[in-house]
$ cat input-v9.pdb   # PDB, C-alpha atoms
ATOM      1  CA  MET A  17       0.000   0.000   0.000
ATOM      2  CA  HIS A  18       2.769   2.384   0.895
ATOM      3  CA  LYS A  19       4.614   1.540  -2.338
ATOM      4  CA  LEU A  20       1.533   2.376  -4.417
ATOM      5  CA  ALA A  21       1.095   5.735  -2.690
ATOM      6  CA  ALA A  22       4.757   6.613  -3.229
ATOM      7  CA  SER A  23       4.539   5.785  -6.960
ATOM      8  CA  LEU A  24       1.454   7.964  -7.322
ATOM      9  CA  VAL A  25       3.196  10.864  -5.624
ATOM     10  CA  ASN A  26       6.234  10.536  -7.903
ATOM     11  CA  THR A  27       4.012  10.414 -10.980
ATOM     12  CA  ALA A  28       2.206  13.575  -9.901
ATOM     13  CA  ARG A  29       5.490  15.350  -9.301
ATOM     14  CA  ASN A  30       6.745  14.400 -12.764
ATOM     15  CA  LEU A  31       3.528  15.659 -14.357
ATOM     16  CA  LEU A  32       3.872  19.000 -12.509
ATOM     17  CA  ASN A  33       7.492  19.396 -13.664
ATOM     18  CA  VAL A  34       6.512  18.738 -17.285
ATOM     19  CA  ALA A  35       3.705  21.294 -17.034
ATOM     20  CA  ASP A  36       6.089  23.913 -15.591
ATOM     21  CA  VAL A  37       8.600  23.352 -18.405
ATOM     22  CA  LEU A  38       5.944  23.560 -21.105
ATOM     23  CA  GLY A  39       4.394  26.659 -19.558
ATOM     24  CA  SER A  40       7.707  28.493 -19.231
ATOM     25  CA  SER A  41       8.632  27.691 -22.838
ATOM     26  CA  LEU A  42       5.270  28.940 -24.079
ATOM     27  CA  ILE A  43       5.594  32.123 -22.011
ATOM     28  CA  ASN A  44       9.123  32.772 -23.263
ATOM     29  CA  GLU A  45       8.106  32.218 -26.897
ATOM     30  CA  THR A  46       5.121  34.552 -26.556
ATOM     31  CA  PHE A  47       7.252  37.215 -24.870
ATOM     32  CA  SER A  48       9.918  37.019 -27.584
ATOM     33  CA  ARG A  49       7.259  37.354 -30.305
ATOM     34  CA  THR A  50       5.816  40.373 -28.494
ATOM     35  CA  ARG A  51       9.254  41.986 -28.316
ATOM     36  CA  VAL A  52       9.733  41.460 -32.062
ATOM     37  CA  MET A  53       6.298  42.906 -32.829
ATOM     38  CA  PHE A  54       6.740  46.060 -30.738
ATOM     39  CA  LYS A  55      10.449  46.635 -31.353
ATOM     40  CA  LYS A  56      11.252  50.178 -32.528
ATOM     41  CA  PRO A  57      12.622  50.283 -36.104
ATOM     42  CA  LEU A  58      15.322  52.813 -35.254
ATOM     43  CA  GLY A  59      16.396  51.182 -31.981
ATOM     44  CA  CYS A  60      18.094  53.156 -29.244
ATOM     45  CA  GLY A  61      19.236  56.622 -30.243
ATOM     46  CA  ARG A  62      19.377  57.474 -33.961
ATOM     47  CA  ARG A  63      20.897  54.337 -35.426
ATOM     48  CA  MET A  64      19.894  53.447 -38.962
ATOM     49  CA  PRO A  65      18.024  50.126 -39.388
ATOM     50  CA  HIS A  66      19.651  47.350 -41.351
ATOM     51  CA  PHE A  67      17.179  47.639 -44.232
ATOM     52  CA  LYS A  68      17.842  51.341 -44.850
ATOM     53  CA  LYS A  69      20.853  53.043 -46.408
ATOM     54  CA  THR A  70      22.633  56.069 -45.007
ATOM     55  CA  PRO A  71      21.324  59.275 -46.667
ATOM     56  CA  VAL A  72      23.668  60.869 -49.181
ATOM     57  CA  PRO A  73      24.668  64.369 -47.995
ATOM     58  CA  HIS A  74      23.616  67.438 -50.015
ATOM     59  CA  LYS A  75      21.156  65.461 -52.154
ATOM     60  CA  TYR A  76      17.723  66.013 -50.632
ATOM     61  CA  GLY A  77      17.682  69.788 -50.211
ATOM     62  CA  TRP A  78      17.158  71.295 -53.675
ATOM     63  CA  ARG A  79      17.718  70.533 -57.348
ATOM     64  CA  VAL A  80      18.646  73.024 -60.054
ATOM     65  CA  HIS A  81      17.019  72.897 -63.502
ATOM     66  CA  TYR A  82      20.004  73.452 -65.788
ATOM     67  CA  PRO A  83      19.533  74.243 -69.510
ATOM     68  CA  LYS A  84      18.849  71.216 -71.691
ATOM     69  CA  ASP A  85      21.675  72.069 -74.089
ATOM     70  CA  GLY A  86      24.173  72.193 -71.197
ATOM     71  CA  GLU A  87      25.598  75.590 -72.173
ATOM     72  CA  TYR A  88      26.524  78.060 -69.454
ATOM     73  CA  THR A  89      24.188  80.973 -68.805
ATOM     74  CA  TYR A  90      24.371  83.884 -66.391
ATOM     75  CA  LYS A  91      20.575  84.156 -66.111
ATOM     76  CA  TYR A  92      18.670  82.973 -63.076
ATOM     77  CA  LEU A  93      17.833  79.270 -62.984
ATOM     78  CA  ARG A  94      14.731  77.699 -61.503
ATOM     79  CA  VAL A  95      15.170  75.542 -58.391
ATOM     80  CA  LYS A  96      12.974  72.737 -57.098
ATOM     81  CA  GLU A  97      12.895  72.351 -53.311
ATOM     82  CA  LEU A  98      12.982  68.647 -52.422
ATOM     83  CA  ALA A  99      12.224  69.165 -48.690
ATOM     84  CA  GLY A 100      14.062  66.002 -47.656
ATOM     85  CA  ARG A 101      12.675  63.718 -50.376
ATOM     86  CA  ASP A 102      14.620  61.550 -52.772
ATOM     87  CA  PRO A 103      14.726  63.158 -56.260
ATOM     88  CA  GLU A 104      14.180  59.790 -58.014
ATOM     89  CA  THR A 105      11.655  57.961 -55.828
ATOM     90  CA  GLY A 106      10.008  60.852 -53.984
ATOM     91  CA  HIS A 107      10.224  59.051 -50.619
ATOM     92  CA  ARG A 108      10.898  61.035 -47.446
ATOM     93  CA  VAL A 109      14.550  60.442 -46.459
ATOM     94  CA  VAL A 110      15.541  63.384 -44.240
ATOM     95  CA  ARG A 111      13.020  64.200 -41.541
ATOM     96  CA  LEU A 112      14.195  67.745 -40.777
ATOM     97  CA  GLY A 113      13.759  69.014 -44.346
ATOM     98  CA  ARG A 114      10.940  71.314 -45.391
ATOM     99  CA  HIS A 115      10.059  73.702 -48.223
ATOM    100  CA  ALA A 116      12.080  76.917 -48.057
ATOM    101  CA  VAL A 117      11.431  80.394 -49.404
ATOM    102  CA  ARG A 118      11.407  80.530 -53.186
ATOM    103  CA  ARG A 119      14.910  81.334 -54.458
ATOM    104  CA  ASN A 120      16.701  81.575 -57.809
ATOM    105  CA  TYR A 121      20.032  79.939 -58.518
ATOM    106  CA  LEU A 122      23.144  81.681 -59.879
ATOM    107  CA  TRP A 123      25.403  79.360 -61.870
ATOM    108  CA  LEU A 124      28.959  80.028 -60.669
ATOM    109  CA  ASP A 125      31.745  79.446 -63.182
ATOM    110  CA  TYR A 126      34.876  77.921 -61.613
ATOM    111  CA  LYS A 127      36.818  77.505 -64.855
ATOM    112  CA  PHE A 128      39.798  79.664 -65.821
ATOM    113  CA  THR A 129      39.832  80.178 -69.595
ATOM    114  CA  ALA A 130      42.955  82.066 -70.618
ATOM    115  CA  PRO A 131      45.107  80.948 -73.582
ATOM    116  CA  PRO A 132      48.774  80.155 -72.781
ATOM    117  CA  GLY A 133      50.897  83.292 -72.751
ATOM    118  CA  GLU A 134      47.953  85.718 -72.872
ATOM    119  CA  THR A 135      46.058  87.952 -70.437
ATOM    120  CA  ILE A 136      42.280  88.449 -70.306
ATOM    121  CA  GLU A 137      40.658  91.429 -68.595
ATOM    122  CA  GLU A 138      37.137  91.179 -67.187
ATOM    123  CA  LYS A 139      35.086  94.009 -65.713
ATOM    124  CA  VAL A 140      32.984  93.582 -62.574
ATOM    125  CA  TYR A 141      29.409  94.785 -63.054
ATOM    126  CA  SER A 142      27.742  93.750 -59.803
ATOM    127  CA  VAL A 143      28.448  91.966 -56.517
ATOM    128  CA  ARG A 144      25.444  90.438 -54.821
ATOM    129  CA  HIS A 145      24.314  87.838 -52.293
ATOM    130  CA  HIS A 146      24.116  84.219 -53.456
ATOM    131  CA  PRO A 147      21.025  82.507 -52.005
ATOM    132  CA  PHE A 148      22.566  79.004 -51.992
ATOM    133  CA  PHE A 149      26.196  79.689 -51.007
ATOM    134  CA  THR A 150      27.922  81.558 -48.203
ATOM    135  CA  CYS A 151      30.159  83.656 -50.480
ATOM    136  CA  LEU A 152      29.125  86.615 -52.614
ATOM    137  CA  ALA A 153      28.737  86.311 -56.385
ATOM    138  CA  ALA A 154      30.260  88.776 -58.843
ATOM    139  CA  LEU A 155      29.025  89.289 -62.391
ATOM    140  CA  VAL A 156      31.973  89.836 -64.784
ATOM    141  CA  ALA A 157      32.055  90.230 -68.562
ATOM    142  CA  HIS A 158      34.637  90.011 -71.346
ATOM    143  CA  LYS A 159      33.736  90.732 -74.997
ATOM    144  CA  GLY A 160      30.045  90.157 -74.399
ATOM    145  CA  HIS A 161      30.496  86.910 -72.453
ATOM    146  CA  LYS A 162      29.028  87.258 -68.955
ATOM    147  CA  ARG A 163      29.511  84.856 -66.064
ATOM    148  CA  TRP A 164      29.180  84.653 -62.283
ATOM    149  CA  ILE A 165      32.326  84.023 -60.229
ATOM    150  CA  ILE A 166      33.264  83.927 -56.554
ATOM    151  CA  ALA A 167      33.882  87.479 -55.340
ATOM    152  CA  SER A 168      37.001  88.264 -53.325
ATOM    153  CA  GLU A 169      36.884  90.153 -50.038
ATOM    154  CA  ASN A 170      37.284  93.727 -51.331
ATOM    155  CA  MET A 171      35.830  93.313 -54.823
ATOM    156  CA  LYS A 172      33.377  96.001 -55.937
ATOM    157  CA  PRO A 173      31.628  97.023 -59.187
ATOM    158  CA  GLY A 174      33.920  98.715 -61.667
ATOM    159  CA  ASP A 175      37.052  96.680 -60.858
ATOM    160  CA  ILE A 176      39.103  95.058 -63.608
ATOM    161  CA  ILE A 177      40.089  91.404 -63.075
ATOM    162  CA  LYS A 178      43.093  90.093 -64.982
ATOM    163  CA  THR A 179      43.544  86.399 -65.798
ATOM    164  CA  THR A 180      47.167  85.736 -66.820
ATOM    165  CA  ASN A 181      48.382  82.382 -68.100
ATOM    166  CA  VAL A 182      52.128  83.073 -67.823
ATOM    167  CA  ILE A 183      54.651  81.605 -65.361
ATOM    168  CA  PRO A 184      57.718  83.912 -65.200
ATOM    169  CA  SER A 185      61.131  82.786 -63.999
ATOM    170  CA  ASN A 186      60.781  84.979 -60.889
ATOM    171  CA  PRO A 187      57.455  85.428 -59.066
ATOM    172  CA  THR A 188      55.940  88.891 -59.467
ATOM    173  CA  GLN A 189      53.868  91.062 -57.150
ATOM    174  CA  VAL A 190      50.168  90.278 -57.319
ATOM    175  CA  LYS A 191      46.994  92.182 -56.460
ATOM    176  CA  GLU A 192      43.770  91.007 -54.923
ATOM    177  CA  GLY A 193      41.313  89.592 -57.442
ATOM    178  CA  GLN A 194      43.918  88.518 -59.995
ATOM    179  CA  ILE A 195      43.774  85.016 -61.427
ATOM    180  CA  LEU A 196      47.046  83.365 -62.403
ATOM    181  CA  PRO A 197      48.964  80.092 -61.924
ATOM    182  CA  VAL A 198      50.268  79.366 -58.446
ATOM    183  CA  GLY A 199      53.792  79.066 -59.890
ATOM    184  CA  ALA A 200      53.712  82.794 -60.693
ATOM    185  CA  MET A 201      52.895  83.866 -57.102
ATOM    186  CA  PRO A 202      55.493  84.605 -54.394
ATOM    187  CA  PRO A 203      55.493  82.647 -51.111
ATOM    188  CA  GLY A 204      53.129  83.999 -48.488
ATOM    189  CA  THR A 205      50.364  84.894 -50.968
ATOM    190  CA  LEU A 206      46.796  84.279 -49.778
ATOM    191  CA  ILE A 207      44.680  82.521 -52.414
ATOM    192  CA  HIS A 208      41.264  80.920 -52.853
ATOM    193  CA  ASN A 209      39.293  78.936 -55.478
ATOM    194  CA  ILE A 210      42.267  76.653 -56.093
ATOM    195  CA  GLU A 211      42.662  73.995 -58.766
ATOM    196  CA  LEU A 212      44.114  70.605 -57.844
ATOM    197  CA  TYR A 213      44.866  69.620 -61.456
ATOM    198  CA  PRO A 214      45.443  71.949 -64.438
ATOM    199  CA  GLY A 215      42.177  72.687 -66.241
ATOM    200  CA  GLN A 216      39.995  71.137 -63.565
ATOM    201  CA  GLY A 217      38.474  74.351 -62.199
ATOM    202  CA  GLY A 218      38.358  75.720 -58.671
ATOM    203  CA  VAL A 219      37.842  73.053 -55.996
ATOM    204  CA  ARG A 220      39.323  74.222 -52.677
ATOM    205  CA  CYS A 221      38.684  77.318 -50.506
ATOM    206  CA  LYS A 222      35.313  78.464 -51.872
ATOM    207  CA  ALA A 223      33.389  79.099 -48.624
ATOM    208  CA  ALA A 224      32.934  82.547 -47.128
ATOM    209  CA  GLY A 225      36.071  84.033 -45.545
ATOM    210  CA  THR A 226      38.348  81.063 -46.317
ATOM    211  CA  HIS A 227      41.820  81.258 -47.852
ATOM    212  CA  ALA A 228      44.996  79.221 -48.287
ATOM    213  CA  GLU A 229      48.640  80.270 -48.179
ATOM    214  CA  ILE A 230      51.505  79.494 -50.534
ATOM    215  CA  LEU A 231      54.461  78.195 -48.511
ATOM    216  CA  ARG A 232      57.294  77.207 -50.858
ATOM    217  CA  ARG A 233      58.273  75.590 -54.134
ATOM    218  CA  LEU A 234      59.389  71.981 -54.535
ATOM    219  CA  GLY A 235      60.570  71.524 -58.118
ATOM    220  CA  ASN A 236      57.514  71.885 -60.353
ATOM    221  CA  LEU A 237      55.185  71.545 -57.348
ATOM    222  CA  ILE A 238      53.891  74.328 -55.104
ATOM    223  CA  ILE A 239      53.208  73.529 -51.446
ATOM    224  CA  ILE A 240      50.042  75.178 -50.096
ATOM    225  CA  LYS A 241      48.692  75.314 -46.559
ATOM    226  CA  LEU A 242      44.926  74.830 -46.379
ATOM    227  CA  PRO A 243      42.606  76.433 -43.788
ATOM    228  CA  ASN A 244      42.437  73.188 -41.765
ATOM    229  CA  GLY A 245      46.246  73.162 -41.378
ATOM    230  CA  ASN A 246      46.988  70.384 -43.877
ATOM    231  CA  GLU A 247      49.583  70.893 -46.573
ATOM    232  CA  ILE A 248      49.176  69.834 -50.195
ATOM    233  CA  ALA A 249      51.469  69.974 -53.219
ATOM    234  CA  ILE A 250      49.939  70.860 -56.591
ATOM    235  CA  ASP A 251      51.297  71.501 -60.051
ATOM    236  CA  GLN A 252      52.613  74.989 -60.731
ATOM    237  CA  ARG A 253      50.230  75.350 -63.711
ATOM    238  CA  CYS A 254      47.122  75.197 -61.496
ATOM    239  CA  PHE A 255      45.187  78.464 -61.336
ATOM    240  CA  ALA A 256      43.998  80.269 -58.211
ATOM    241  CA  CYS A 257      42.515  83.630 -57.234
ATOM    242  CA  VAL A 258      44.473  86.071 -55.097
ATOM    243  CA  GLY A 259      42.970  87.154 -51.779
ATOM    244  CA  LYS A 260      40.320  85.861 -49.393
ATOM    245  CA  VAL A 261      36.765  84.836 -50.204
ATOM    246  CA  SER A 262      34.143  87.530 -49.716
ATOM    247  CA  ASN A 263      31.612  87.778 -46.880
ATOM    248  CA  PRO A 264      34.018  86.948 -43.997
ATOM    249  CA  GLU A 265      31.377  87.931 -41.393
ATOM    250  CA  HIS A 266      28.978  85.226 -42.523
ATOM    251  CA  TYR A 267      29.727  83.036 -39.498
ATOM    252  CA  THR A 268      28.913  85.832 -37.030
ATOM    253  CA  VAL A 269      25.236  85.779 -38.056
ATOM    254  CA  ASN A 270      22.997  83.889 -35.659
ATOM    255  CA  GLU A 271      21.651  80.882 -37.566
ATOM    256  CA  ALA A 272      19.843  79.369 -34.572
ATOM    257  CA  PHE A 273      16.690  81.444 -34.325
ATOM    258  CA  PRO A 274      13.646  79.662 -35.807
ATOM    259  CA  GLN A 275      12.617  82.175 -38.467
ATOM    260  CA  ARG A 276      15.939  81.998 -40.318
ATOM    261  CA  MET A 277      15.848  78.196 -40.263
ATOM    262  CA  TRP A 278      12.339  78.253 -41.752
ATOM    263  CA  TRP A 279      13.604  80.515 -44.538
ATOM    264  CA  LYS A 280      16.429  78.127 -45.398
ATOM    265  CA  GLY A 281      14.288  74.983 -45.358
ATOM    266  CA  ARG A 282      15.270  73.434 -42.032
ATOM    267  CA  HIS A 283      13.176  72.587 -38.999
ATOM    268  CA  PRO A 284      14.121  74.480 -35.832
ATOM    269  CA  VAL A 285      16.110  72.458 -33.322
ATOM    270  CA  LEU A 286      16.765  72.961 -29.640
ATOM    271  CA  GLY A 287      20.072  74.560 -28.765
ATOM    272  CA  THR A 288      22.904  75.601 -31.020
ATOM    273  CA  LYS A 289      26.139  74.047 -32.149
ATOM    274  CA  ARG A 290      28.728  74.021 -29.386
ATOM    275  CA  ARG A 291      32.417  73.666 -29.994
ATOM    276  CA  LYS A 292      34.605  71.517 -27.787
ATOM    277  CA  ASP A 293      36.122  73.600 -25.016
ATOM    278  CA  GLY A 294      38.669  71.020 -23.810
ATOM    279  CA  TYR A 295      37.274  71.007 -20.257
ATOM    280  CA  LEU A 296      37.698  67.231 -19.984
ATOM    281  CA  GLY A 297      40.864  67.127 -22.056
ATOM    282  CA  ARG A 298      41.471  66.999 -25.769
ATOM    283  CA  LYS A 299      43.168  64.610 -28.140
ATOM    284  CA  LEU A 300      46.478  65.521 -29.725
ATOM    285  CA  HIS A 301      46.560  64.288 -33.311
ATOM    286  CA  PRO A 302      49.855  64.063 -35.207
ATOM    287  CA  PRO A 303      50.165  66.287 -38.300
ATOM    288  CA  LYS A 304      49.018  64.668 -41.515
ATOM    289  CA  PRO A 305      51.628  63.925 -44.204
ATOM    290  CA  LEU A 306      52.024  66.041 -47.317
ATOM    291  CA  LEU A 307      49.406  65.163 -49.945
ATOM    292  CA  VAL A 308      50.754  65.418 -53.503
ATOM    293  CA  TYR A 309      48.404  65.922 -56.493
ATOM    294  CA  ASP A 310      50.598  64.712 -59.344
ATOM    295  CA  ILE A 311      49.190  65.249 -62.825
ATOM    296  CA  GLU A 312      51.345  62.463 -64.308
ATOM    297  CA  LYS A 313      50.085  59.830 -61.870
ATOM    298  CA  LYS A 314      46.448  60.820 -62.369
ATOM    299  CA  TYR A 315      46.424  60.275 -66.126
ATOM    300  CA  LYS A 316      49.015  57.468 -66.195
ATOM    301  CA  LEU A 317      47.651  54.406 -68.021
ATOM    302  CA  ARG A 318      47.994  50.976 -66.469
ATOM    303  CA  LYS A 319      50.001  48.442 -68.469
ATOM    304  CA  PRO A 320      47.931  45.451 -69.599
ATOM    305  CA  GLU A 321      48.621  42.217 -67.776
ATOM    306  CA  VAL A 322      50.457  39.680 -69.970
ATOM    307  CA  ILE A 323      49.785  35.975 -69.442
ATOM    308  CA  ASN A 324      52.335  33.432 -70.604
ATOM    309  CA  LEU A 325      50.392  30.549 -72.126
ATOM    310  CA  ASP A 326      53.421  28.241 -72.143
ATOM    311  CA  ARG A 327      53.407  28.028 -68.357
ATOM    312  CA  VAL A 328      49.679  27.499 -68.021
TER     313      VAL A 328
END
$ encode --input "input-v9.pdb" --output "structure tokens"
Amino acid sequence: MHKLAASLVNTARNLLNVADVLGSSLINETFSRTRVMFKKPLGCGRRMPHFKKTPVPHKYGWRVHYPKDGEYTYKYLRVKELAGRDPETGHRVVRLGRHAVRRNYLWLDYKFTAPPGETIEEKVYSVRHHPFFTCLAALVAHKGHKRWIIASENMKPGDIIKTTNVIPSNPTQVKEGQILPVGAMPPGTLIHNIELYPGQGGVRCKAAGTHAEILRRLGNLIIIKLPNGNEIAIDQRCFACVGKVSNPEHYTVNEAFPQRMWWKGRHPVLGTKRRKDGYLGRKLHPPKPLLVYDIEKKYKLRKPEVINLDRV
């Protein structure tokens, strides 16, 4: 009798253990499914989900309608405000974008067209605010051809700009607003709108108030110090403009108040940008090495790979 009672008790205990295991597994499975169902797509913070790509910078703000023939024009161009949407699909990509005040676009010309050994003179007709860039735009003309360029700091209507495509044996004195190869400028000259390769057009130092400095010559290369402190070496035939970029007080304007952000097509945000003050220490980075832009290496063709069929 006692043996029968003990076997019944053991059987009941086993059944209770099995029920507990099954119940816990069902509860865990249900809880995990609930977590998957109500999981936030962006996770903690502002991390991008795995099924989305990182937005491309400077792509979802506005799009310029250039002429269909592709020829340069100094007239105002129509602009379509994208307000944070992809130009191809139309899907909302950037959340903080919105439609800005209607603005017209001025097509800036960064090319330097002066025949070798000649000098071209252009007259400045007007200097005005550019609605899409921080620098000022200057309208210049030569023999009926008008174009918009980046204005230097002290440029005003009525000035004559000379573009010289001559590299003398000894550097000559230059004036603000002149355009000539960097090999023709003395060391210590402040320049902007710099080419990296001959004929490429201005690439560096185009923002308001920025400038670079010519340090020294190294053979046919000119070493230039950029605003961020890095040094680059470019070919002496690369063109640049003498002086600083116009509108140096652009960064003193308060960009944080809501009305200005609405004008420019951005949603107001709390607070302003704060620079690091070094209160908790700062990192000391070693200086970056000299970056050389060699024209021969850029256009150098790779030799075709030759396969010896006898050894195959």
$ residues_around --input "input-v9.pdb" --residues "A:Gly100" --least-positions-apart "2" --cutoff "9 Å" --atoms "all atoms listed in the file" --output "PDB file with C-alpha atoms, in the coordinates of the input"
ATOM      1  CA  LYS A  75      21.156  65.461 -52.154  1.00  0.00           C
ATOM      2  CA  TYR A  76      17.723  66.013 -50.632  1.00  0.00           C
ATOM      3  CA  GLY A  77      17.682  69.788 -50.211  1.00  0.00           C
ATOM      4  CA  TRP A  78      17.158  71.295 -53.675  1.00  0.00           C
ATOM      5  CA  GLU A  97      12.895  72.351 -53.311  1.00  0.00           C
ATOM      6  CA  LEU A  98      12.982  68.647 -52.422  1.00  0.00           C
ATOM      7  CA  ASP A 102      14.620  61.550 -52.772  1.00  0.00           C
ATOM      8  CA  HIS A 107      10.224  59.051 -50.619  1.00  0.00           C
ATOM      9  CA  ARG A 108      10.898  61.035 -47.446  1.00  0.00           C
ATOM     10  CA  VAL A 109      14.550  60.442 -46.459  1.00  0.00           C
ATOM     11  CA  VAL A 110      15.541  63.384 -44.240  1.00  0.00           C
ATOM     12  CA  ARG A 111      13.020  64.200 -41.541  1.00  0.00           C
ATOM     13  CA  LEU A 112      14.195  67.745 -40.777  1.00  0.00           C
ATOM     14  CA  GLY A 113      13.759  69.014 -44.346  1.00  0.00           C
ATOM     15  CA  ARG A 114      10.940  71.314 -45.391  1.00  0.00           C
ATOM     16  CA  HIS A 115      10.059  73.702 -48.223  1.00  0.00           C
TER      17      HIS A 115
END
$ resolve_selection --input "input-v9.pdb" --expression "the PyMOL selection byres ((chain A and resi 238) around 9)" --output "list of chain:residue names"
A:Val198, A:Gly199, A:Ile230, A:Leu231, A:Arg232, A:Arg233, A:Leu234, A:Gly235, A:Asn236, A:Leu237, A:Ile239, A:Ile240, A:Ile248, A:Ala249, A:Ile250, A:Asp251, A:Gln252
$ atom_distance --input "input-v9.pdb" --atom1 "atom CA of A:Glu138" --atom2 "atom CA of A:Lys178"
6.4 Å
$ residues_around --input "input-v9.pdb" --residues "A:Ala157" --least-positions-apart "2" --cutoff "6 Å" --atoms "only C-alpha atoms" --output "PyMOL selection string"
chain A and resi 138-139+161-162
$ closest_residue --input "input-v9.pdb" --among "A:Tyr309, A:Phe148, A:Phe273, A:Tyr88" --to "A:Arg118" --atoms "only C-alpha atoms"
A:Phe148
$ resolve_selection --input "input-v9.pdb" --expression "the PyMOL selection byres ((chain A and resi 196) around 10)" --output "PDB file with C-alpha atoms, in the coordinates of the input"
ATOM      1  CA  PHE A 128      39.798  79.664 -65.821  1.00  0.00           C
ATOM      2  CA  ALA A 130      42.955  82.066 -70.618  1.00  0.00           C
ATOM      3  CA  THR A 135      46.058  87.952 -70.437  1.00  0.00           C
ATOM      4  CA  LYS A 178      43.093  90.093 -64.982  1.00  0.00           C
ATOM      5  CA  THR A 179      43.544  86.399 -65.798  1.00  0.00           C
ATOM      6  CA  THR A 180      47.167  85.736 -66.820  1.00  0.00           C
ATOM      7  CA  ASN A 181      48.382  82.382 -68.100  1.00  0.00           C
ATOM      8  CA  VAL A 182      52.128  83.073 -67.823  1.00  0.00           C
ATOM      9  CA  ILE A 183      54.651  81.605 -65.361  1.00  0.00           C
ATOM     10  CA  VAL A 190      50.168  90.278 -57.319  1.00  0.00           C
ATOM     11  CA  GLY A 193      41.313  89.592 -57.442  1.00  0.00           C
ATOM     12  CA  GLN A 194      43.918  88.518 -59.995  1.00  0.00           C
ATOM     13  CA  ILE A 195      43.774  85.016 -61.427  1.00  0.00           C
ATOM     14  CA  PRO A 197      48.964  80.092 -61.924  1.00  0.00           C
ATOM     15  CA  VAL A 198      50.268  79.366 -58.446  1.00  0.00           C
ATOM     16  CA  GLY A 199      53.792  79.066 -59.890  1.00  0.00           C
ATOM     17  CA  ALA A 200      53.712  82.794 -60.693  1.00  0.00           C
ATOM     18  CA  MET A 201      52.895  83.866 -57.102  1.00  0.00           C
ATOM     19  CA  ARG A 253      50.230  75.350 -63.711  1.00  0.00           C
ATOM     20  CA  CYS A 254      47.122  75.197 -61.496  1.00  0.00           C
ATOM     21  CA  PHE A 255      45.187  78.464 -61.336  1.00  0.00           C
ATOM     22  CA  ALA A 256      43.998  80.269 -58.211  1.00  0.00           C
ATOM     23  CA  CYS A 257      42.515  83.630 -57.234  1.00  0.00           C
ATOM     24  CA  VAL A 258      44.473  86.071 -55.097  1.00  0.00           C
TER      25      VAL A 258
END
$ closest_residue --input "input-v9.pdb" --among "A:Asn209, A:Gln216, A:Thr70, A:Asn270" --to "A:Ala228" --atoms "all atoms listed in the file"
A:Asn209
$ atom_distance --input "input-v9.pdb" --atom1 "atom CA of A:Pro103" --atom2 "atom CA of A:Pro274"
26.3 Å
$ atom_distance --input "input-v9.pdb" --atom1 "atom CA of A:Tyr267" --atom2 "atom CA of A:Thr150"
9.0 Å
$ residues_around --input "input-v9.pdb" --residues "A:Val140" --least-positions-apart "4" --cutoff "9 Å" --atoms "only C-alpha atoms" --output "PyMOL selection string"
chain A and resi 154-157+171-177
$ closest_residue --input "input-v9.pdb" --among "A:Ile136, A:Asp85, A:Val117, A:His145" --to "A:Ala99" --atoms "all atoms listed in the file"
A:Val117
$ axis_aligned_box --input "input-v9.pdb" --around "stretch 221-233 of chain A" --padding-each-side "3 Å" --output "lines of an AutoDock Vina configuration file"
center_x = 45.6
center_y = 79.8
center_z = -49.8
size_x = 31.3
size_y = 14.4
size_z = 14.6
$ closest_residue --input "input-v9.pdb" --among "A:His74, A:Arg282, A:Lys127, A:Lys96" --to "A:Pro214" --atoms "only C-alpha atoms"
A:Lys127
$ resolve_selection --input "input-v9.pdb" --expression "the PyMOL selection byres ((chain A and resi 90) around 8)" --output "number ranges by chain"
A: 88-89, 91-92, 122-123, 162-164
$ residues_around --input "input-v9.pdb" --residues "A:Pro243" --least-positions-apart "2" --cutoff "8 Å" --atoms "all atoms listed in the file" --output "ChimeraX atom specification"
/A:221,226-228,241,245-246
$ residues_around --input "input-v9.pdb" --residues "A:Leu93" --least-positions-apart "5" --cutoff "9 Å" --atoms "all atoms listed in the file" --output "list in words"
Val80, His81, Tyr82, Pro83, Asn120, Tyr121, Leu122 and Trp123 of chain A
